[in-house]
>>> print(open('upload07.cif').read())   # mmCIF, C-alpha atoms
data_target
loop_
_atom_site.label_atom_id
_atom_site.label_comp_id
_atom_site.auth_asym_id
_atom_site.auth_seq_id
_atom_site.Cartn_x
_atom_site.Cartn_y
_atom_site.Cartn_z
CA MET A 24 0.00 0.00 0.00
CA ILE A 25 1.12 3.51 -0.72
CA LYS A 26 1.30 5.50 2.50
CA ALA A 27 2.01 8.96 1.10
CA VAL A 28 2.67 10.95 -2.06
CA MET A 29 4.65 14.15 -1.74
CA MET A 30 5.95 16.83 -4.03
CA MET A 31 8.30 19.36 -2.51
CA ASN A 32 10.68 21.91 -3.87
CA THR A 33 14.41 21.94 -3.27
CA GLN A 34 13.95 24.36 -0.34
CA GLY A 35 11.66 21.88 1.43
CA LYS A 36 8.33 23.60 0.80
CA PRO A 37 5.64 20.99 0.24
CA ARG A 38 3.76 21.64 -2.97
CA LEU A 39 1.49 18.62 -2.66
CA ALA A 40 1.24 16.08 0.12
CA LYS A 41 -1.31 13.33 0.36
CA PHE A 42 -1.31 10.78 3.16
CA TYR A 43 -3.41 7.64 2.83
CA ASP A 44 -3.47 6.89 6.56
CA PHE A 45 -5.00 9.38 8.94
CA LEU A 46 -2.34 11.50 10.60
CA PRO A 47 -2.76 14.78 12.46
CA VAL A 48 -1.51 17.80 10.53
CA GLU A 49 1.39 18.27 12.96
CA LYS A 50 2.57 14.70 12.32
CA GLN A 51 2.24 15.18 8.55
CA GLN A 52 4.38 18.32 8.73
CA GLU A 53 6.94 16.51 10.85
CA LEU A 54 7.11 13.67 8.31
CA ILE A 55 7.48 16.09 5.40
CA ARG A 56 10.34 17.85 7.19
CA GLY A 57 11.95 14.49 7.97
CA VAL A 58 11.69 13.30 4.37
CA PHE A 59 13.14 16.55 3.06
CA SER A 60 15.98 16.35 5.56
CA VAL A 61 16.86 12.87 4.30
CA LEU A 62 16.54 13.78 0.61
CA SER A 63 18.46 17.04 0.78
CA SER A 64 21.42 15.37 2.48
CA ARG A 65 21.78 12.66 -0.19
CA PRO A 66 24.33 13.01 -2.98
CA GLU A 67 23.06 12.97 -6.57
CA ASN A 68 24.86 9.73 -7.48
CA VAL A 69 23.16 7.41 -4.97
CA SER A 70 20.11 5.17 -5.26
CA ASN A 71 16.61 6.69 -5.24
CA PHE A 72 15.39 3.95 -2.87
CA LEU A 73 15.40 4.23 0.92
CA GLU A 74 14.15 2.27 3.87
CA ILE A 75 12.49 4.84 6.05
CA ASP A 76 11.37 2.87 9.10
CA SER A 77 12.52 5.62 11.46
CA LEU A 78 9.94 8.06 10.09
CA PHE A 79 7.00 5.97 8.88
CA GLY A 80 7.30 2.83 10.99
CA PRO A 81 8.38 -0.72 10.24
CA ASP A 82 8.44 -2.01 6.66
CA SER A 83 8.32 1.50 5.18
CA ARG A 84 10.14 2.37 2.01
CA LEU A 85 10.59 5.52 0.04
CA VAL A 86 11.37 6.14 -3.60
CA TYR A 87 11.97 9.57 -5.05
CA LYS A 88 12.88 11.32 -8.24
CA HIS A 89 14.39 14.78 -8.51
CA TYR A 90 13.21 16.82 -11.51
CA ALA A 91 14.40 20.44 -11.85
CA THR A 92 13.26 22.17 -8.63
CA LEU A 93 10.96 19.39 -7.40
CA TYR A 94 11.24 16.14 -5.52
CA PHE A 95 8.51 13.60 -6.30
CA VAL A 96 8.26 11.13 -3.41
CA LEU A 97 6.28 7.95 -2.78
CA VAL A 98 6.25 6.26 0.63
CA PHE A 99 4.96 2.69 0.67
CA ASP A 100 5.09 -0.62 2.51
CA GLY A 101 6.75 -3.91 1.57
CA SER A 102 3.79 -5.10 -0.49
CA GLU A 103 4.77 -2.70 -3.29
CA ASN A 104 7.68 -3.10 -5.69
CA GLU A 105 10.31 -0.34 -5.61
CA LEU A 106 10.81 -0.29 -9.38
CA ALA A 107 7.06 -0.17 -9.96
CA MET A 108 6.86 2.82 -7.61
CA LEU A 109 9.67 4.57 -9.48
CA ASP A 110 7.75 3.93 -12.70
CA LEU A 111 4.62 5.33 -11.07
CA ILE A 112 6.47 8.59 -10.41
CA GLN A 113 7.39 8.65 -14.09
CA VAL A 114 3.74 8.12 -15.07
CA LEU A 115 2.71 10.97 -12.76
CA VAL A 116 5.30 13.33 -14.23
CA GLU A 117 4.44 12.39 -17.83
CA THR A 118 0.74 12.93 -17.14
CA LEU A 119 1.42 16.30 -15.53
CA ASP A 120 3.55 17.26 -18.54
CA LYS A 121 0.55 16.48 -20.78
CA CYS A 122 -1.79 18.48 -18.53
CA PHE A 123 0.41 21.55 -18.25
CA SER A 124 2.74 21.38 -21.28
CA ASN A 125 6.00 20.82 -19.45
CA VAL A 126 4.95 20.96 -15.80
CA CYS A 127 6.76 23.25 -13.39
CA GLU A 128 6.46 24.12 -9.73
CA LEU A 129 4.06 27.00 -10.39
CA ASP A 130 1.66 24.68 -12.23
CA ILE A 131 1.42 22.59 -9.08
CA VAL A 132 0.92 25.63 -6.85
CA PHE A 133 -1.74 27.32 -8.98
CA ASN A 134 -3.62 24.21 -10.17
CA TYR A 135 -4.00 22.46 -6.85
CA SER A 136 -7.38 20.86 -7.52
CA LYS A 137 -6.32 19.57 -10.95
CA MET A 138 -3.19 18.10 -9.32
CA HIS A 139 -5.36 16.18 -6.87
CA THR A 140 -7.63 15.03 -9.69
CA VAL A 141 -4.64 13.63 -11.60
CA LEU A 142 -3.25 12.00 -8.47
CA ASP A 143 -6.64 10.49 -7.58
CA GLU A 144 -6.87 8.94 -11.03
CA ILE A 145 -3.50 7.26 -10.46
CA VAL A 146 -3.66 6.39 -6.75
CA PHE A 147 -6.78 6.20 -4.64
CA GLY A 148 -6.90 5.10 -1.03
CA GLY A 149 -3.28 4.01 -1.23
CA GLN A 150 -3.90 1.61 -4.14
CA VAL A 151 -2.69 2.11 -7.69
CA LEU A 152 -5.68 2.50 -10.02
CA GLU A 153 -4.21 3.44 -13.38
CA THR A 154 -0.75 3.57 -14.90
CA ARG A 155 -1.55 4.53 -18.50
CA SER A 156 -1.05 8.24 -19.02
CA ASP A 157 -3.56 8.42 -21.89
CA GLU A 158 -6.33 6.86 -19.79
CA ILE A 159 -5.56 9.19 -16.91
CA MET A 160 -5.75 12.19 -19.25
CA LYS A 161 -9.12 11.04 -20.63
CA ALA A 162 -10.54 10.81 -17.11
CA VAL A 163 -9.12 14.21 -16.11
CA GLU A 164 -10.56 15.83 -19.26
CA GLU A 165 -13.97 14.28 -18.57
CA ILE A 166 -13.91 15.55 -15.00
CA SER A 167 -12.91 19.02 -16.24
CA LYS A 168 -15.84 19.00 -18.70
CA LEU A 169 -18.26 17.98 -15.95
CA GLU A 170 -16.94 20.71 -13.65
CA ALA A 171 -17.28 23.32 -16.41
CA ALA A 172 -20.83 22.17 -17.16
CA SER A 173 -21.83 22.25 -13.51
CA ASN A 174 -20.39 25.75 -13.12
CA SER A 175 -22.47 27.02 -16.04
CA ILE A 176 -25.75 25.69 -14.64
CA SER A 177 -27.74 28.38 -12.90
CA LEU A 178 -29.57 27.23 -9.82
CA VAL A 179 -31.96 30.18 -10.03
CA PRO A 180 -34.65 29.91 -12.74
CA LYS A 181 -34.55 32.69 -15.36
CA SER A 182 -38.05 33.80 -14.41
CA VAL A 183 -36.82 34.52 -10.88
CA SER A 184 -33.40 35.91 -11.81
CA GLY A 185 -35.02 38.59 -14.00
CA TRP A 186 -37.39 39.65 -11.23
CA ARG A 187 -36.67 42.97 -9.62
CA GLY A 188 -38.08 43.79 -6.24
CA GLY A 189 -39.45 47.13 -5.06
CA ARG A 190 -42.37 47.61 -7.46
#
>>> encode(input="upload07.cif", output="structure tokens")
Amino acid sequence: MIKAVMMMNTQGKPRLAKFYDFLPVEKQQELIRGVFSVLSSRPENVSNFLEIDSLFGPDSRLVYKHYATLYFVLVFDGSENELAMLDLIQVLVETLDKCFSNVCELDIVFNYSKMHTVLDEIVFGGQVLETRSDEIMKAVEEISKLEAASNSISLVPKSVSGWRGGR
């Protein structure tokens, strides 16, 4: 099971963090700081796989990928394969590149709800749902269309909206 998905910049600011087990906000912030501390102290030429029992408990592993100014991090238990998790990060990044035409940190900051939509299409409740970028994009586009349609629907009938009081 995937325990957490995090995206943070190289200064340690979390840009997206999703935990699949309930944790108080203070504990989440502590874990994000701990993960960043570990990642920022690692040289570039070492493995992207870590056992992280000290932060997330027994049988916890972490895989990360560093792209430009962002770290993409997955924390998971022993039931998941490390290479599959690294590939999942790649799928996430490729999908975000399709969504935002070469994703950058600002895309994540200013499109927070779309980021969660993409992530929810890939991982839901700690389980991997979809790994095909094209299928993820179809679902995200459908959700965007539904949101646009629901925003254009007026809840007030035209006969009432044209009414003016005070006559």
>>> resolve_selection(input="upload07.cif", expression="the PyMOL selection byres ((chain A and resi 35-41) around 10)", output="compact mmCIF listing (two decimals) with C-alpha atoms, keeping the file's coordinate frame")
# COMPACT_ATOMS: atom_id res chain seq x y z
CA LYS A 26 1.30 5.50 2.50
CA ALA A 27 2.01 8.96 1.10
CA VAL A 28 2.67 10.95 -2.06
CA MET A 29 4.65 14.15 -1.74
CA MET A 30 5.95 16.83 -4.03
CA MET A 31 8.30 19.36 -2.51
CA ASN A 32 10.68 21.91 -3.87
CA THR A 33 14.41 21.94 -3.27
CA GLN A 34 13.95 24.36 -0.34
CA PHE A 42 -1.31 10.78 3.16
CA TYR A 43 -3.41 7.64 2.83
CA ASP A 44 -3.47 6.89 6.56
CA GLN A 51 2.24 15.18 8.55
CA GLN A 52 4.38 18.32 8.73
CA ILE A 55 7.48 16.09 5.40
CA ARG A 56 10.34 17.85 7.19
CA GLY A 57 11.95 14.49 7.97
CA VAL A 58 11.69 13.30 4.37
CA PHE A 59 13.14 16.55 3.06
CA SER A 60 15.98 16.35 5.56
CA LEU A 62 16.54 13.78 0.61
CA SER A 63 18.46 17.04 0.78
CA LEU A 93 10.96 19.39 -7.40
CA TYR A 94 11.24 16.14 -5.52
CA PHE A 95 8.51 13.60 -6.30
CA VAL A 96 8.26 11.13 -3.41
CA LEU A 97 6.28 7.95 -2.78
CA GLU A 128 6.46 24.12 -9.73
CA LEU A 129 4.06 27.00 -10.39
CA ASP A 130 1.66 24.68 -12.23
CA ILE A 131 1.42 22.59 -9.08
CA VAL A 132 0.92 25.63 -6.85
CA PHE A 133 -1.74 27.32 -8.98
CA TYR A 135 -4.00 22.46 -6.85
CA MET A 138 -3.19 18.10 -9.32
CA HIS A 139 -5.36 16.18 -6.87
CA LEU A 142 -3.25 12.00 -8.47
CA ASP A 143 -6.64 10.49 -7.58
CA GLY A 149 -3.28 4.01 -1.23
>>> closest_residue(input="upload07.cif", among="A:Gln150, A:Asn125, A:Asn174, A:Ser77", to="Ser102 of chain A", atoms="only C-alpha atoms")
A:Gln150
>>> residues_near_point(input="upload07.cif", point="(10.6, -1.8, -4.3)", cutoff="12 Å", atoms="only C-alpha atoms", output="list in words")
Met24, Ile25, Ser70, Asn71, Phe72, Leu73, Glu74, Asp82, Ser83, Arg84, Leu85, Val86, Tyr87, Leu97, Val98, Phe99, Asp100, Gly101, Ser102, Glu103, Asn104, Glu105, Leu106, Ala107, Met108, Leu109, Asp110 and Leu111 of chain A
>>> atom_distance(input="upload07.cif", atom1="atom CA of Gln113 of chain A", atom2="atom CA of Thr92 of chain A")
15.7 Å
>>> atom_distance(input="upload07.cif", atom1="atom CA of Thr118 of chain A", atom2="atom CA of Ser156 of chain A")
5.4 Å
>>> atom_distance(input="upload07.cif", atom1="atom CA of Tyr90 of chain A", atom2="atom CA of Ser136 of chain A")
21.4 Å
>>> residues_around(input="upload07.cif", residues="segment 161-168 of chain A", least_positions_apart="4", cutoff="7 Å", atoms="all atoms listed in the file", output="JSON, numbers by chain")
{"A": [140, 141, 157, 172]}
>>> write_last_selection(input="upload07.cif", atoms="C-alpha atoms", output="mmCIF file, in the coordinates of the input")
data_model
loop_
_atom_site.group_PDB
_atom_site.id
_atom_site.type_symbol
_atom_site.label_atom_id
_atom_site.label_comp_id
_atom_site.auth_asym_id
_atom_site.auth_seq_id
_atom_site.Cartn_x
_atom_site.Cartn_y
_atom_site.Cartn_z
ATOM 1 C CA THR A 140 -7.630 15.030 -9.690
ATOM 2 C CA VAL A 141 -4.640 13.630 -11.600
ATOM 3 C CA ASP A 157 -3.560 8.420 -21.890
ATOM 4 C CA ALA A 172 -20.830 22.170 -17.160
#
>>> closest_residue(input="upload07.cif", among="A:Lys88, A:Glu53, A:Asp120, A:Leu169", to="Val69 of chain A", atoms="only C-alpha atoms")
A:Lys88
>>> closest_residue(input="upload07.cif", among="A:Val126, A:Asp76, A:Asn68, A:Lys137", to="Glu170 of chain A", atoms="all atoms listed in the file")
A:Lys137
